[in-house]
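*Asks:* As input, take query11.txt (compact mmCIF, C-alpha atoms):
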# COMPACT_ATOMS: atom_id res chain seq x y z
CA MET A 45 -18.37 -43.07 77.93
CA THR A 46 -15.52 -42.01 75.66
CA ILE A 47 -12.96 -44.29 74.01
CA THR A 48 -9.94 -42.45 72.63
CA ILE A 49 -7.38 -44.24 70.49
CA HIS A 50 -4.42 -41.93 70.96
CA ARG A 51 -2.14 -44.18 68.93
CA GLY A 52 -2.32 -47.52 67.19
CA ILE A 53 -5.13 -47.24 64.65
CA ASN A 54 -2.58 -47.22 61.81
CA GLN A 55 0.65 -48.51 63.32
CA ILE A 56 2.06 -51.57 65.05
CA GLY A 57 3.37 -50.80 68.52
CA GLY A 58 3.12 -47.72 70.70
CA CYS A 59 -0.61 -48.22 71.18
CA ILE A 60 -2.38 -46.00 73.72
CA THR A 61 -6.10 -46.36 74.51
CA GLU A 62 -7.99 -44.09 76.89
CA ILE A 63 -11.28 -44.96 78.53
CA ALA A 64 -13.18 -42.09 80.18
CA SER A 65 -16.46 -42.24 82.07
CA SER A 66 -19.15 -39.59 81.86
CA SER A 67 -18.11 -38.40 85.35
CA GLY A 68 -14.53 -37.78 84.20
CA THR A 69 -12.70 -40.88 85.48
CA LYS A 70 -9.93 -41.78 83.02
CA ILE A 71 -7.65 -44.79 82.61
CA LEU A 72 -5.11 -45.72 79.94
CA ILE A 73 -4.53 -49.15 78.45
CA ASP A 74 -0.84 -49.44 77.50
CA LEU A 75 1.62 -46.57 77.19
CA GLY A 76 4.69 -47.64 75.27
CA HIS A 77 7.16 -46.25 72.78
CA ASN A 78 6.88 -46.37 69.02
CA LEU A 79 8.78 -49.33 67.63
CA PRO A 80 12.35 -48.46 66.59
CA GLU A 81 13.16 -47.73 62.99
CA GLY A 82 16.11 -49.93 62.20
CA ASP A 83 19.06 -49.32 64.53
CA GLU A 84 17.72 -46.01 65.81
CA PRO A 85 14.82 -45.25 68.18
CA SER A 86 11.74 -43.78 66.53
CA GLU A 87 10.68 -40.24 67.16
CA ASP A 88 8.01 -40.18 69.85
CA LYS A 89 5.88 -37.14 70.61
CA TYR A 90 5.46 -38.29 74.21
CA GLU A 91 9.17 -37.89 74.88
CA ASP A 92 8.18 -34.22 75.10
CA SER A 93 7.12 -33.59 78.70
CA GLU A 94 4.31 -31.23 77.72
CA ASN A 95 2.75 -33.76 75.37
CA LEU A 96 3.01 -36.52 77.97
CA SER A 97 1.55 -34.28 80.69
CA ALA A 98 -1.39 -33.43 78.44
CA LEU A 99 -1.99 -37.14 77.78
CA LEU A 100 -1.81 -38.02 81.48
CA ASP A 101 -3.92 -35.10 82.69
CA GLY A 102 -6.69 -36.51 84.89
CA VAL A 103 -5.64 -40.15 84.37
CA LYS A 104 -6.27 -42.26 87.49
CA ALA A 105 -4.40 -45.40 86.45
CA VAL A 106 -2.47 -47.04 83.61
CA PHE A 107 -3.07 -50.74 82.92
CA TYR A 108 -0.49 -52.67 80.88
CA THR A 109 -1.47 -55.73 78.87
CA HIS A 110 2.14 -56.97 78.98
CA PRO A 111 5.66 -55.52 79.40
CA HIS A 112 7.03 -55.30 75.86
CA GLY A 113 8.67 -51.94 75.16
CA ASP A 114 5.97 -50.84 72.73
CA HIS A 115 3.42 -51.24 75.53
CA VAL A 116 5.40 -50.07 78.59
CA GLY A 117 7.84 -47.24 78.03
CA PHE A 118 7.07 -44.16 80.12
CA GLU A 119 6.81 -45.79 83.53
CA THR A 120 9.24 -43.39 85.21
CA GLU A 121 7.35 -40.29 84.12
CA VAL A 122 4.00 -41.84 85.04
CA ALA A 123 5.36 -42.70 88.49
CA LYS A 124 6.63 -39.13 88.98
CA ARG A 125 3.07 -37.90 88.49
CA GLY A 126 1.75 -40.21 91.21
CA ILE A 127 -0.43 -42.25 88.84
CA ASP A 128 -1.01 -45.91 89.75
CA GLN A 129 0.36 -48.44 87.27
CA TYR A 130 -0.92 -52.02 87.03
CA ILE A 131 0.64 -55.11 85.46
CA GLY A 132 0.64 -58.90 85.93
CA SER A 133 2.72 -60.17 88.85
CA LEU A 134 5.13 -62.27 86.75
CA SER A 135 5.60 -59.34 84.38
CA LYS A 136 6.54 -57.15 87.35
CA GLU A 137 9.07 -59.72 88.58
CA LEU A 138 10.67 -60.04 85.16
CA MET A 139 10.86 -56.29 84.58
CA ILE A 140 12.44 -55.71 88.00
CA LEU A 141 14.96 -58.39 87.07
CA LEU A 142 15.63 -56.76 83.68
CA LYS A 143 15.89 -53.19 84.95
CA GLY A 144 18.08 -54.33 87.84
CA HIS A 145 20.37 -56.04 85.36
CA LEU A 146 20.54 -52.94 83.15
CA ALA A 147 21.06 -50.65 86.16
CA TYR A 148 23.97 -52.73 87.49
CA ASN A 149 26.57 -50.27 86.23
CA GLY A 150 24.78 -47.31 87.78
CA ASP A 151 22.95 -45.91 84.74
CA PRO A 152 20.50 -43.38 86.28
CA LYS A 153 17.89 -43.98 83.57
CA PHE A 154 17.62 -47.69 84.35
CA LYS A 155 17.81 -47.07 88.08
CA ALA A 156 14.80 -44.75 87.81
CA GLU A 157 12.92 -47.33 85.72
CA LEU A 158 13.74 -50.00 88.30
CA GLU A 159 12.32 -47.88 91.10
CA ALA A 160 9.21 -47.18 89.05
CA PHE A 161 8.57 -50.87 88.44
CA LYS A 162 8.99 -51.65 92.12
CA LYS A 163 5.99 -49.40 92.76
CA PHE A 164 3.74 -51.09 90.20
CA ARG A 165 0.51 -52.61 91.48
CA THR A 166 -0.32 -56.11 90.23
CA PHE A 167 -3.53 -57.79 89.18
CA GLU A 168 -4.72 -61.37 88.87
CA ALA A 169 -6.70 -62.98 86.08
CA LYS A 170 -10.49 -62.87 86.55
CA LYS A 171 -10.30 -60.49 89.54
CA ARG A 172 -12.12 -57.20 89.01
CA ILE A 173 -10.37 -53.91 89.86
CA PRO A 174 -12.50 -50.80 90.45
CA ILE A 175 -11.10 -47.39 89.52
CA ASP A 176 -13.90 -45.09 90.70
CA ASP A 177 -16.77 -45.76 88.26
CA ILE A 178 -14.70 -47.80 85.81
CA SER A 179 -13.95 -51.47 86.46
CA ILE A 180 -11.26 -53.58 84.78
CA THR A 181 -11.12 -57.37 84.81
CA PRO A 182 -8.01 -59.02 83.30
CA TYR A 183 -8.06 -62.39 81.53
CA PHE A 184 -4.91 -64.27 80.55
CA VAL A 185 -3.97 -64.53 76.87
CA SER A 186 -1.08 -66.33 75.21
CA HIS A 187 1.56 -64.05 73.69
CA SER A 188 5.35 -63.98 73.26
CA ALA A 189 5.40 -62.24 76.65
CA PRO A 190 4.70 -64.96 79.24
CA ASP A 191 2.26 -62.90 81.33
CA ALA A 192 -0.14 -61.11 78.96
CA TYR A 193 -3.79 -60.13 79.41
CA MET A 194 -6.88 -58.83 77.73
CA PHE A 195 -9.13 -56.48 79.71
CA LEU A 196 -12.88 -56.36 80.15
CA ILE A 197 -13.69 -52.71 80.93
CA GLU A 198 -17.11 -51.77 82.32
CA CYS A 199 -18.14 -48.11 82.35
CA ASP A 200 -21.41 -46.16 82.17
CA GLY A 201 -23.39 -49.33 81.59
CA LYS A 202 -21.25 -50.33 78.58
CA LYS A 203 -18.71 -53.14 78.18
CA VAL A 204 -15.46 -52.95 76.22
CA LEU A 205 -13.07 -55.83 75.54
CA HIS A 206 -9.47 -54.78 74.84
CA THR A 207 -7.58 -57.86 73.66
CA GLY A 208 -4.02 -56.55 73.90
CA ASP A 209 -1.60 -58.72 71.91
CA PHE A 210 -2.59 -62.38 71.74
CA ARG A 211 -2.25 -65.58 69.78
CA GLU A 212 -3.87 -68.99 69.66
CA HIS A 213 -0.85 -70.98 68.45
CA GLY A 214 1.27 -70.72 71.62
CA TYR A 215 1.43 -73.50 74.20
CA ARG A 216 -1.30 -71.89 76.29
CA GLY A 217 -3.17 -70.41 73.34
CA LYS A 218 -5.72 -73.22 73.31
CA GLY A 219 -7.35 -71.48 76.27
CA LEU A 220 -8.25 -68.38 74.24
CA ILE A 221 -11.66 -69.42 72.91
CA PRO A 222 -12.71 -71.29 76.09
CA THR A 223 -11.91 -68.13 78.08
CA ILE A 224 -14.06 -66.03 75.75
CA ASN A 225 -16.85 -68.62 75.84
CA SER A 226 -16.81 -68.90 79.63
CA TYR A 227 -16.19 -65.32 80.74
CA ILE A 228 -16.75 -62.89 77.86
CA ALA A 229 -19.33 -63.88 75.26
CA HIS A 230 -22.35 -63.87 77.58
CA ARG A 231 -21.48 -60.35 78.81
CA LYS A 232 -22.80 -58.86 75.55
CA ILE A 233 -19.74 -56.77 74.73
CA ASP A 234 -20.50 -53.39 73.20
CA VAL A 235 -17.07 -52.54 71.76
CA LEU A 236 -14.19 -54.84 70.81
CA ILE A 237 -10.73 -53.25 70.59
CA THR A 238 -8.39 -55.81 69.07
CA GLU A 239 -4.89 -56.10 67.68
CA GLY A 240 -4.41 -56.75 63.96
CA THR A 241 -0.65 -57.20 63.57
CA MET A 242 -0.83 -60.04 61.06
CA LEU A 243 -3.58 -58.58 58.87
CA SER A 244 -1.29 -57.26 56.14
CA ARG A 245 1.25 -60.07 56.29
CA ASN A 246 1.04 -63.27 54.31
CA ASP A 247 -2.01 -65.32 55.13
CA SER A 248 -0.29 -68.69 55.25
CA ARG A 249 -0.97 -70.79 58.33
CA LEU A 250 1.21 -69.88 61.31
CA MET A 251 3.46 -72.55 62.78
CA THR A 252 2.42 -73.56 66.29
CA GLU A 253 4.95 -73.33 69.08
CA ASN A 254 4.84 -77.11 69.42
CA GLU A 255 5.63 -77.53 65.72
CA LEU A 256 8.52 -75.12 66.14
CA LYS A 257 9.89 -77.35 68.90
CA TYR A 258 9.87 -80.39 66.61
CA ASN A 259 11.53 -78.39 63.82
CA ALA A 260 14.20 -77.39 66.35
CA ILE A 261 14.75 -81.06 67.20
CA ASP A 262 15.37 -81.80 63.51
CA ILE A 263 17.90 -78.96 63.26
CA PHE A 264 19.60 -79.99 66.51
CA ARG A 265 20.06 -83.50 65.13
CA GLN A 266 21.78 -82.13 62.04
CA HIS A 267 24.34 -79.98 63.90
CA ARG A 268 26.56 -80.63 66.86
CA ASN A 269 26.60 -77.13 68.36
CA ILE A 270 23.86 -74.53 68.08
CA PHE A 271 23.61 -70.86 69.00
CA VAL A 272 20.06 -69.51 69.31
CA MET A 273 19.03 -65.86 69.21
CA CYS A 274 15.54 -65.37 70.63
CA SER A 275 13.73 -63.18 73.14
CA SER A 276 15.21 -63.66 76.60
CA MET A 277 11.74 -63.54 78.22
CA ASP A 278 9.58 -65.49 75.77
CA ALA A 279 8.74 -68.45 78.02
CA ASP A 280 7.22 -70.48 75.18
CA ARG A 281 10.19 -70.05 72.86
CA LEU A 282 12.70 -70.79 75.62
CA ALA A 283 10.71 -73.89 76.55
CA SER A 284 10.69 -75.02 72.91
CA PHE A 285 14.46 -74.82 72.58
CA TYR A 286 15.09 -76.28 76.02
CA GLN A 287 12.79 -79.26 75.36
CA ALA A 288 14.39 -79.78 71.95
CA ALA A 289 17.87 -79.77 73.51
CA GLN A 290 16.77 -82.35 76.08
CA ALA A 291 15.25 -84.53 73.35
CA VAL A 292 18.61 -84.87 71.55
CA GLY A 293 20.84 -84.90 74.63
CA LYS A 294 22.53 -81.54 74.17
CA MET A 295 23.70 -79.29 76.98
CA PHE A 296 21.56 -76.16 77.40
CA VAL A 297 23.78 -73.14 78.01
CA VAL A 298 22.83 -69.62 79.13
CA ASP A 299 24.40 -66.51 80.65
CA GLY A 300 23.78 -65.24 84.18
CA PHE A 301 20.84 -62.99 83.31
CA GLN A 302 19.11 -65.68 81.26
CA TRP A 303 19.68 -68.09 84.15
CA LYS A 304 17.72 -65.78 86.47
CA VAL A 305 14.94 -65.35 83.92
CA LEU A 306 14.54 -69.13 83.58
CA GLU A 307 14.60 -69.47 87.36
CA THR A 308 11.85 -66.85 87.72
CA ILE A 309 9.71 -68.50 85.04
CA GLY A 310 10.30 -71.90 86.62
CA ASN A 311 9.27 -70.67 90.07
CA THR A 312 5.99 -69.29 88.69
CA LEU A 313 4.76 -70.96 85.51
CA GLY A 314 6.83 -74.04 86.29
CA THR A 315 4.71 -74.75 89.37
CA LYS A 316 1.75 -75.33 87.04
CA SER A 317 3.42 -77.06 84.09
CA ILE A 318 6.62 -79.07 83.68
CA LEU A 319 6.98 -77.37 80.29
CA TYR A 320 8.29 -74.23 82.03
CA ARG A 321 10.91 -75.92 84.19
CA PHE A 322 14.56 -75.71 83.15
CA PRO A 323 16.54 -77.84 85.64
CA LYS A 324 19.30 -78.99 83.29
CA ARG A 325 20.94 -75.73 82.29
CA ARG A 326 24.51 -74.49 82.54
CA TYR A 327 25.75 -71.01 83.32
CA TYR A 328 28.45 -70.57 80.69
CA GLU A 329 30.48 -68.00 82.59
CA ASN A 330 31.34 -70.65 85.22
CA HIS A 331 31.44 -73.88 83.19
CA MET A 332 33.63 -73.24 80.15
CA ASP A 333 35.63 -76.46 80.48
CA THR A 334 32.44 -78.51 80.75
CA ILE A 335 30.97 -76.74 77.74
CA ARG A 336 34.14 -77.27 75.68
CA ASN A 337 33.95 -80.98 76.48
CA ALA A 338 30.29 -81.09 75.50
CA ALA A 339 31.09 -79.28 72.24
CA GLN A 340 33.28 -82.20 71.20
CA THR A 341 30.77 -84.91 72.14
CA ASN A 342 26.97 -84.47 72.00
CA GLY A 343 27.21 -80.72 71.60
CA PHE A 344 25.39 -77.79 73.17
CA VAL A 345 22.53 -75.35 72.57
CA SER A 346 23.36 -71.82 73.72
CA ILE A 347 20.89 -68.95 74.03
CA VAL A 348 22.70 -65.77 72.95
CA ARG A 349 21.94 -62.08 72.51
CA ASN A 350 23.85 -59.30 70.82
CA ASN A 351 25.54 -58.15 74.01
CA VAL A 352 29.00 -58.21 75.57
CA LYS A 353 28.58 -61.49 77.47
CA SER A 354 27.33 -63.45 74.47
CA ARG A 355 29.99 -62.02 72.17
CA GLU A 356 32.69 -62.92 74.70
CA PHE A 357 31.32 -66.45 74.98
CA ILE A 358 31.23 -66.90 71.20
CA GLU A 359 34.74 -65.47 70.92
CA ALA A 360 36.00 -67.98 73.48
CA ILE A 361 34.21 -71.11 72.27
CA TYR A 362 33.93 -70.71 68.50
CA PRO A 363 37.63 -71.39 67.65
CA THR A 364 37.21 -74.88 69.15
CA LEU A 365 34.17 -75.67 66.97
CA ASP A 366 33.89 -77.09 63.48
CA PRO A 367 31.95 -74.48 61.44
CA LYS A 368 30.45 -77.27 59.35
CA GLU A 369 28.87 -78.72 62.49
CA THR A 370 27.82 -75.37 63.93
CA CYS A 371 24.48 -73.62 63.42
CA PHE A 372 23.05 -70.23 64.35
CA ILE A 373 19.26 -70.15 64.71
CA TYR A 374 17.65 -66.74 64.38
CA SER A 375 14.27 -66.85 66.13
CA GLN A 376 12.91 -63.31 66.01
CA PHE A 377 11.08 -61.09 63.53
CA LEU A 378 12.70 -61.64 60.12
CA GLY A 379 12.45 -57.98 59.14
CA TYR A 380 15.24 -57.07 61.56
CA ILE A 381 17.79 -58.92 59.41
CA LEU A 382 16.36 -58.22 55.92
CA PRO A 383 18.28 -55.29 54.39
CA THR A 384 15.26 -54.32 52.29
CA HIS A 385 12.86 -54.12 55.25
CA SER A 386 12.02 -50.84 57.01
CA ALA A 387 12.77 -52.47 60.39
CA PHE A 388 16.25 -53.67 59.30
CA GLN A 389 18.89 -53.50 62.05
CA GLN A 390 22.48 -53.51 60.83
CA ARG A 391 23.84 -54.45 64.24
CA THR A 392 21.56 -57.50 64.44
CA TYR A 393 22.41 -58.55 60.88
CA ASP A 394 26.13 -58.25 61.62
CA PHE A 395 25.81 -60.35 64.78
CA VAL A 396 23.87 -63.11 63.04
CA HIS A 397 26.43 -63.20 60.18
CA SER A 398 29.52 -62.76 62.36
CA ARG A 399 30.84 -66.33 61.87
CA GLU A 400 31.01 -69.03 59.21
CA TRP A 401 28.18 -71.01 60.79
CA GLN A 402 25.07 -72.21 59.01
CA ILE A 403 22.16 -69.85 59.61
CA GLU A 404 18.61 -71.14 60.10
CA TYR A 405 15.46 -69.05 60.52
CA LEU A 406 13.01 -70.67 62.93
CA HIS A 407 10.30 -68.42 64.28
CA THR A 408 6.57 -68.05 64.70
CA SER A 409 4.71 -64.88 65.54
CA GLY A 410 3.55 -63.81 68.98
CA HIS A 411 0.46 -62.35 67.34
CA ALA A 412 -2.92 -63.63 66.25
CA SER A 413 -3.35 -65.23 62.87
CA ARG A 414 -6.14 -64.03 60.59
CA GLU A 415 -8.10 -67.12 61.59
CA ALA A 416 -7.70 -66.35 65.30
CA LEU A 417 -8.72 -62.72 64.78
CA ALA A 418 -11.85 -63.83 62.96
CA MET A 419 -12.69 -66.36 65.66
CA VAL A 420 -12.39 -63.72 68.38
CA CYS A 421 -14.60 -61.30 66.46
CA ASN A 422 -17.20 -63.99 65.85
CA LYS A 423 -17.18 -65.28 69.43
CA VAL A 424 -17.24 -61.86 71.08
CA ASN A 425 -19.77 -60.57 68.53
CA PRO A 426 -19.69 -56.96 69.77
CA ARG A 427 -22.97 -55.08 69.69
CA LEU A 428 -21.70 -51.70 68.49
CA ALA A 429 -18.15 -51.61 67.17
CA ILE A 430 -14.84 -53.30 66.38
CA ILE A 431 -11.82 -51.01 66.63
CA PRO A 432 -8.65 -52.55 65.14
CA ILE A 433 -5.36 -51.29 66.60
CA HIS A 434 -1.72 -52.46 66.55
CA ARG A 435 -2.01 -52.82 62.78
CA GLU A 436 -0.36 -51.44 59.68
CA ALA A 437 -2.22 -48.57 58.03
CA GLU A 438 -2.93 -50.44 54.79
CA SER A 439 -4.44 -53.48 56.51
CA ASP A 440 -8.16 -54.09 56.18
CA PHE A 441 -10.01 -55.72 59.08
CA ARG A 442 -13.02 -56.19 56.84
CA SER A 443 -11.02 -58.72 54.81
CA LEU A 444 -11.37 -61.23 57.67
CA ASP A 445 -13.74 -64.17 57.42
CA ILE A 446 -16.47 -62.52 59.50
CA PRO A 447 -20.14 -61.83 58.68
CA GLN A 448 -21.05 -58.64 56.87
CA GLU A 449 -22.84 -57.49 60.02
CA LEU A 450 -19.50 -57.46 61.86
CA LYS A 451 -17.64 -55.94 58.92
CA ASP A 452 -20.06 -53.03 59.06
CA LYS A 453 -19.12 -52.50 62.71
CA VAL A 454 -15.40 -51.98 62.00
CA HIS A 455 -14.53 -48.37 62.80
CA THR A 456 -11.22 -46.63 62.10
CA GLU A 457 -12.53 -43.07 62.27
CA SER A 458 -14.21 -41.07 65.03
CA THR A 459 -17.92 -41.66 65.61
CA THR A 460 -20.58 -41.84 68.31
CA LEU A 461 -22.68 -44.96 68.80
CA GLU A 462 -25.49 -45.15 71.37
CA GLY A 463 -23.79 -42.90 73.87
CA VAL A 464 -20.28 -44.28 73.27
CA LYS A 465 -18.05 -41.59 71.84
CA ILE A 466 -15.13 -43.01 69.86
CA ILE A 467 -12.27 -40.64 69.12
CA ILE A 468 -9.56 -41.80 66.71
CA LYS A 469 -6.44 -39.63 66.69
I'd like the structure from this file rewritten - as structure tokens, please.

*Replies:*
Amino acid sequence: MTITIHRGINQIGGCITEIASSSGTKILIDLGHNLPEGDEPSEDKYEDSENLSALLDGVKAVFYTHPHGDHVGFETEVAKRGIDQYIGSLSKELMILLKGHLAYNGDPKFKAELEAFKKFRTFEAKKRIPIDDISITPYFVSHSAPDAYMFLIECDGKKVLHTGDFREHGYRGKGLIPTINSYIAHRKIDVLITEGTMLSRNDSRLMTENELKYNAIDIFRQHRNIFVMCSSMDADRLASFYQAAQAVGKMFVVDGFQWKVLETIGNTLGTKSILYRFPKRRYYENHMDTIRNAAQTNGFVSIVRNNVKSREFIEAIYPTLDPKETCFIYSQFLGYILPTHSAFQQRTYDFVHSREWQIEYLHTSGHASREALAMVCNKVNPRLAIIPIHREAESDFRSLDIPQELKDKVHTESTTLEGVKIIIK
């Protein structure tokens, strides 16, 4: 068995993991783009067709932990090569919705991506998928994408757990350790491949999603009208702001695309939990008079993005608002709006600061805290190795609160352990 970390050992995003059996069967776990550098896309070697073809040579299937752009990004080229692609069913629905929205004006790039996603195969949690002599079993994990998974991979008598991106502090994050206890720990995992996004960031306790909701309620009580910039597909974050709006009696306002996203989430996750139902929402392109009336009474909460529709809405409604009673909540990675940060985006900064409203930062990470990373390592207790990916180069996995025995199993360079060849590129 060979595990190849093509990308991710010393960077966040763009992670690519290859699992190959001794007979030559190969699969990939995630195949996304490098994260952008500021306002511009990052250079990516796999944009070169020859490099991508070399990577995909002999690959039977690509499995995606979730549909963020740093995990799914080359779906059209993979589809052209006739390689099966697998993702969670809700993720597929949401990506078809997104690509259909982006392809509305006839952009051939988005049309091709839409057609690729339509061909994706889907998997279900706890159901094993055989790819020749490799088997993959997905297990749900909480993340800022609403349909994310870790994978148990069995090959050549060895077992690998690839966590993907995960967190414990989301609404469904409390299921992380019970899932590991019930389905993973007794399997005697040989190799743990885990994200480490938060390793080099401050080690203060992360706010839970539920705490964020109550902080939002406090802010909503202080301001009449609120604009919120957050991920359009983060079900937990959308639920937090929706529930907070309901708690203080404010109208919840969205555009047409966001309406469809909430409808899709409600028709899936909402069948299992009332938390993910959004019945009292208004489509601002058709209800401007109603929204203007609400703005002068109890107020509204509007989900916005830096796009034409949101800018048009703000342009139309803002002149009727009192800036002293108006707030803009930025609920994404802070680095995007910090001029000194390498990820700084001028266009995002300009949008956030485009009016004389009060700006509040209210966000919590979609990634595992140091405590959660340590718990996973301790619970999984891999026999041979821990391979940290999706982490900054200077981060040190051995700094976690784990026994020395596990610290000694952390590998960031190529090695071979009991018939498992680990290649770090």

*Asks:* Using all atoms listed in the file, which of the listed residues (A:Met419, A:Leu196, A:Ile467, A:Met277) sits closest to Leu138 (chain A)?

*Replies:*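 Among the listed residues, A:Met277 lies closest to Leu138 (chain A).
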
*Asks:* Sort by chain and increasing residue number a table of all residues of region 171-238 of chain A within 12 Å of region 442-460 of chain A, each with its closest pair of atoms and their distance in Å to one decimal, counting only C-alpha atoms, and write it as CSV.

*Replies:*
residue,atom,partner,partner_atom,distance
A:Asp234,CA,A:Lys453,CA,10.6
A:Val235,CA,A:Lys453,CA,9.3
A:Leu236,CA,A:Val454,CA,9.3
A:Ile237,CA,A:Val454,CA,9.9
A:Thr238,CA,A:Val454,CA,10.7

*Asks:* Which protein, DNA or RNA residues have an atom at most 6 Å from (-13.7, -53.3, 86.5), counting only C-alpha atoms? List them as a list in words.

*Replies:* Arg172, Ile173, Pro174, Ile178, Ser179, Ile180, Thr181, Ile197 and Glu198 of chain A

*Asks:* I'd like to know which of A:Gly410, A:Gly310, A:Gly117, A:Gly300 is closest to Phe210 (chain A), using all atoms listed in the file.

*Replies:* A:Gly410

*Asks:* Looking at A:Ile270, A:Ala412, A:Ile381, A:Cys199, which one is nearest to Thr69 (chain A), with distances taken over all atoms listed in the file?

*Replies:*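 Nearest to Thr69 (chain A): A:Cys199.
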
*Asks:* Show me the residues close to (15.1, -64.2, 69.7) - anything with an atom within 9 Å, counting all atoms listed in the file - and format the list as a list in words.

*Replies:* Val272, Met273, Cys274, Ser275, Ser276, Asp278, Arg281, Ile347, Val348, Arg349, Ile373, Tyr374, Ser375, Gln376, Phe377 and His407 of chain A

*Asks:* Within 10 Å of region 88-99 of chain A, counting all atoms listed in the file, which residues show up once you throw out same-chain ones fewer than 5 positions away? Write them as a list in words, please.

*Replies:*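 Contacts, with the query itself left out: His50, Gly58, Ile60, Glu62, Leu72, Leu75, Gly76, His77, Asn78, Leu79, Pro80, Gly117, Phe118, Glu121, Val122 and Arg125 of chain A.
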